[in-house]
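Report on one structure; see the data block that follows.
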Amino acid sequence: MPDPRVIKLADVLVNYSVAIQPGDWVLVRGGVPALPLLTEVVRQVTRAGGHATVQLTHDAFAEAFLKDASEAQLEWVSPVERLMFNEMDALISVRAVENTRALSGVDPAKQRAAQVARRELMETYMRRSAEGTLRWVGTQYPCPAYAQEADMSLEEYENFVYGATFCDKDDPVAEWNRVHAEQQRLVDWLKGKKEVLVKGPNADLRLSIEGRTFINSDGHHNMPSGEIFTGPVEDSVNGWVRFTYPAISGGREVEGVELRFENGKVVEAHARKNEDYLLSQLDSDPGARYLGEFAVGTNYGITRFTKSILFDEKIGGSIHMAVGAGYPETGSQNKSSIHWDFICDMRDDSEIWVDGELFYKNGQFQV
């Protein structure tokens with residue numbers, strides 16, 4: 001018998017997050033270690049009347065391809081993927097790996113080339129999501145590799161994941177409805193506001209949100225969730241920020257990232273570890289040096305850093321920003337082949353001011 005919390009998570013993903021309806025074409029994509037959850041997701045999709053197509057991934061597949069691919073192969077995009085991104089009704093993505101550092105020996109230029117080739121798919125994905133013609137959700141299966149990254153035993157990490165998703169509760173959906181209501185209060189307060197000022201030992205940043213929309217992230221796209229986010233006006237960001245947590249991307253851990261912005265663009269970037277990789281990503285395309293997202297984490301149930309952006313960007317008392325592609329539903333016009341999140345702790349002597357009013361102080365909302 002599978003862990004009953006796995007069954008609950010599958011039910012939440014299928015019937016709450018993407019609300020599968022009879023006749024929906026659903027891509028169920030996930031890593032091989034997540035087979036127990038993927039199996040239950042397929043079962044729930046079938047019971048809901050949907051048509052599941054399963055795509056299994058593995059870190060060894062990506063490593064083998066990227067190490068040996070020619071330039072022409074890196075630029076090739078599968079017509080099957082194009083079809084799916086244009087036609088599927090829903091995507092349920094489950095991250096699971098055996099080695100979180102499998103791609104650390106891959107040439108960053110090859111990773112960047114493959115990302116650039118898939119930019120069209122990313123733009124289609126974001127456009128359809130904003131239109132509401134593609135429902136999607138991503139989650140993470142508690143496998144040993146992620147537990148090791150988080151410095152936890154597997155049992156401890158399983159408890160962490162199912163606690164963060166409320167799948168250890170009798171009614172997870174009721175809990176997510178409660179999160180929605182609290183975040184909607186904040187989103188409503190932010191409507192029509194124009195300028196954000198972030199001040200603290202790790203940031204002195206000013207940006208415009210005029211004409212932009214804050215989104216209530218309540219478990220319909222990320223599971224778990226707990227954040228409010230928008231896309232800042234592209235040329236408005238000025239100042240600097242020092243990100244207090246490492247950023248993980250492409251099998252690499254980039255630490256001590258500092259960015260300085262002028263009129264929206266990253267004009268200076270540093271990192272204590274893997275700075276060359278950071279710069280290679282920022283040079284992916286023109287949009288990679290502009291912010292596509294500004295967000296505040298609201299999940300105070302996530303209290304520790306686990307080296308997984310799905311959980312870490314939601315930490316209550318933190319903000320995060322993504323360079324690269326923005327979400328069209330926020331009003332963002334920034335396009336890029338990358339979307340890379342960086343997290344900054346705001347719990348010590350830090351403030352966010354919105355149109356001259358104190359919105360947030362030392363990790364707590366003030367409105």
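Chain labels A, B, ... are given in the sequence in which chains occur in the structure tokens; within each chain residues are numbered consecutively from 1, and ligands are likewise numbered from 1 in the order shown.
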
(Q) If we count only C-alpha atoms and set the cut-off at 6 Å, which residues sit around region 297-313 of chain A, ignoring sequence neighbours fewer than 6 positions away in its own chain? Please answer as a list in words. (A) Ala150, Gly226, Glu227 and Ile319 of chain A

Q: Excluding Asp348 (chain A) and any residue of its chain fewer than 4 positions from it, enumerate the residues within 10 Å of it, using only C-alpha atoms, and give them as number ranges by chain.
A: A: 200-202, 317, 361-363

Q | Nearest to Val367 (chain A), chosen from A:Lys335, A:His220, A:Lys273, A:Arg185, with only C-alpha atoms counted in the distances | A | A:Arg185

Give me the region 148-260 of chain A side of the contact with region 82-96 of chain A, cut-off 12 Å, one line per residue showing its nearest atom pair and distance in Å at one decimal, counting only C-alpha atoms, sorted by chain and residue number, as a tab-separated table.
```
residue	atom	partner	partner_atom	distance
A:His220	CA	A:Ile92	CA	10.7
A:His221	CA	A:Ile92	CA	9.2
A:Asn222	CA	A:Ser93	CA	9.6
A:Met223	CA	A:Val94	CA	9.8
A:Pro224	CA	A:Val94	CA	11.9
```

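Shortest separation to Arg347 (chain A) among A:Ile315, A:Leu190, A:Ser70, A:Gly331 occurs at residue A:Ile315, atoms counted being only C-alpha atoms.
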
Q: List every residue of region 132-342 of chain A that DSSP, applied to the backbone, labels as alpha helix (DSSP H), and write the result as a PyMOL selection string.
A: chain A and resi 144-149+154-164+172-190+275-282+309-312

Q | Who sits within 8 Å of Asp218 (chain A), only C-alpha atoms, same chain under 6 positions skipped, as a PyMOL selection string | A | chain A and resi 176-177+179-180+183+225-227

Q.
Could you list, as number ranges by chain, every residue within 12 Å of Ala10 (chain A), counting only C-alpha atoms and ignoring same-chain residues fewer than 6 positions away?
A. A: 2-4, 16-20, 28, 34-48, 92-94, 137-141, 162, 165, 167, 172, 223

Q) Can you list, as number ranges by chain, every protein, DNA or RNA residue that comes within 9 Å of Phe294 (chain A) when you count only C-alpha atoms, leaving out same-chain residues fewer than 4 positions away? A) A: 228-232, 319-322

Q | Distance criterion (only C-alpha atoms): nearest to Ser129 (chain A) out of A:Trp25, A:Trp240, A:Tyr327, A:Phe365 | A | A:Tyr327

**Q.** Close residues, Val187 (chain A) itself excluded, 10 Å, only C-alpha atoms, min 4 positions apart in chain, as a PyMOL selection string
**A.** chain A and resi 181-183+191+213-216+228-229

Would you put the residues from that selection into a file with C-alpha atoms, as a compact mmCIF listing (two decimals), in the first residue's frame?
```
# COMPACT_ATOMS: atom_id res chain seq x y z
CA ALA A 181 -8.04 34.09 1.69
CA GLU A 182 -5.12 35.54 3.65
CA GLN A 183 -3.03 36.23 0.56
CA LYS A 191 -3.97 46.89 -6.34
CA THR A 213 -0.80 42.79 -11.07
CA PHE A 214 0.14 40.80 -7.97
CA ILE A 215 -0.80 37.12 -8.20
CA ASN A 216 -2.13 35.07 -5.29
CA ILE A 228 2.44 36.80 -3.78
CA PHE A 229 4.31 37.91 -6.89
```

**Q.** Nearest candidate to Arg119 (chain A) (options A:Gln364, A:Ser337, A:Thr53, A:Ser208; using only C-alpha atoms)
**A.** A:Ser337

Q | Residues near region 130-133 of chain A, cut-off 6 Å, only C-alpha atoms, skip fewer than 3 positions along chain, as a ChimeraX atom specification | A | /A:127,328-329
